[in-house]
Amino acid sequence: MRVVETAGFYFPDSVGGTEVYVNSLGKQLQGRGIDCAVAAPFPSDRPSSYVHEGVQVYRYPVPEQSSRAEVQGRVPPRHFEIFENWLREQNADVYHQHSWTTGCGLWHLEAAKRFGLKTIVTLHLPANICIRGTMLYEGHTTCDGRIIPGRCGS
């Protein structure tokens with residue numbers, strides 16, 4: 001089995017909770033005999049690859065500055081075909097996406113689905129599903145997770 005883990009940011013240029021989680025997951029999968037690669041965008045015109053703590057990492061190019069249409073998801077990020085070609089060549093079984101950003105979002109998830117991969121999305125930050133970004137109702141009490149525009153918009 002082969003799993004591709006993707007995140008909007010990754011070591012060594014970015015260090016945070018999602019990066020630590022994805023790195024640990026990759027090592028755990030490999031320890032269980034599951035082939036794993038991590039892919040993450042990097043502002044560049046060319047892809048690169050390296051090994052981080054025993055896990056193969058592929059950095060696919062994204063523009064330094066995204067256009068409005070790219071940020072809004074109306075068009076794929078520039079250089080998206082490089083990511084698509086790499087993903088197609090991976091012969092992966094599972095695509096696990098850990099971010100929802102311009103460089104790692106719906107276009108990437110749809111490509112994985114189009115290539116027949118089983119897909120998983122794990123969001124590590126509430127900003128994508130909570131207008132406050134905190135999952136706290138009125139900033140004070142734990143939210144029940146139900147998105148109700150009138151309630152959430154207040």
# chains A, B, ... in the order shown; residues from 1 in each chain; ligands from 1
>>> residues_around(residues="range 134-142 of chain A", least_positions_apart="5", cutoff="9 Å", atoms="only C-alpha atoms", output="list in words")
Leu125, Pro126, Ala127, Ile129, Arg151, Cys152 and Ser154 of chain A
>>> select_by_dssp(residues="range 85-151 of chain A", states="alpha helix (DSSP H)", output="list in words")
Asn85, Trp86, Leu87, Arg88, Glu89, Leu106, Trp107, His108, Leu109, Glu110, Ala111, Ala112, Lys113, Arg114, Pro149, Gly150 and Arg151 of chain A
>>> residues_around(residues="Gln97 in chain A", least_positions_apart="5", cutoff="6 Å", atoms="only C-alpha atoms", output="PyMOL selection string")
chain A and resi 5-6+121
>>> residues_around(residues="Gly54 in chain A", least_positions_apart="5", cutoff="12 Å", atoms="only C-alpha atoms", output="list in words")
Asn23, Ser24, Leu25, Gly26, Lys27, Gln28, Leu29, Gln30, Gly31, Asp35, Cys36, Ala37 and Val38 of chain A
>>> atom_distance(atom1="CA of Glu84 in chain A", atom2="CA of Ile120 in chain A")
17.2 Å
>>> residues_around(residues="Ser67 in chain A", least_positions_apart="5", cutoff="10 Å", atoms="only C-alpha atoms", output="JSON, numbers by chain")
{"A": [72, 73, 75, 77, 78, 102]}
>>> write_last_selection(atoms="C-alpha atoms", output="compact mmCIF listing (two decimals), in the first residue's frame")
# COMPACT_ATOMS: atom_id res chain seq x y z
CA GLN A 72 -11.04 32.02 -4.73
CA GLY A 73 -10.59 28.57 -6.26
CA VAL A 75 -8.87 28.45 -11.40
CA PRO A 77 -2.98 27.36 -8.88
CA ARG A 78 -0.30 28.04 -11.47
CA THR A 102 -4.63 27.72 -2.20
>>> select_by_dssp(residues="chain A", states="strand (DSSP E or B)", output="PyMOL selection string")
chain A and resi 2-6+35-43+48-52+55-62+94-97+101+104+118-121+136-137+141-142
>>> atom_distance(atom1="CA of Lys113 in chain A", atom2="CA of Arg146 in chain A")
27.0 Å
>>> residues_around(residues="His79 in chain A", least_positions_apart="6", cutoff="8 Å", atoms="only C-alpha atoms", output="mmCIF file with N, CA and C atoms, in the first residue's frame")
data_model
loop_
_atom_site.group_PDB
_atom_site.id
_atom_site.type_symbol
_atom_site.label_atom_id
_atom_site.label_comp_id
_atom_site.auth_asym_id
_atom_site.auth_seq_id
_atom_site.Cartn_x
_atom_site.Cartn_y
_atom_site.Cartn_z
ATOM 1 N N ASP A 45 9.374 27.908 -9.176
ATOM 2 C CA ASP A 45 8.950 27.530 -10.527
ATOM 3 C C ASP A 45 9.236 26.067 -10.806
ATOM 4 N N PRO A 61 5.774 23.226 -7.078
ATOM 5 C CA PRO A 61 5.819 24.685 -7.179
ATOM 6 C C PRO A 61 4.441 25.338 -7.130
ATOM 7 N N VAL A 62 4.413 26.479 -6.479
ATOM 8 C CA VAL A 62 3.264 27.379 -6.480
ATOM 9 C C VAL A 62 3.819 28.787 -6.643
ATOM 10 N N PRO A 63 3.012 29.732 -7.111
ATOM 11 C CA PRO A 63 3.524 31.092 -7.290
ATOM 12 C C PRO A 63 3.801 31.796 -5.961
#
>>> closest_atom_pairs(of="range 78-116 of chain A", to="range 19-22 of chain A", cutoff="12 Å", atoms="only C-alpha atoms", output="JSON lines")
{"residue": "A:His96", "atom": "CA", "partner": "A:Val22", "partner_atom": "CA", "distance": 9.7}
{"residue": "A:Gln97", "atom": "CA", "partner": "A:Val22", "partner_atom": "CA", "distance": 9.7}
{"residue": "A:His98", "atom": "CA", "partner": "A:Val22", "partner_atom": "CA", "distance": 7.8}
{"residue": "A:Ser99", "atom": "CA", "partner": "A:Glu19", "partner_atom": "CA", "distance": 10.3}
>>> residues_around(residues="range 88-94 of chain A", least_positions_apart="2", cutoff="7 Å", atoms="only C-alpha atoms", output="NGL selection string")
:A and (1-4 or 84-86 or 96 or 115 or 117-119)
>>> atom_distance(atom1="CA of Ala40 in chain A", atom2="CA of Tyr10 in chain A")
6.3 Å
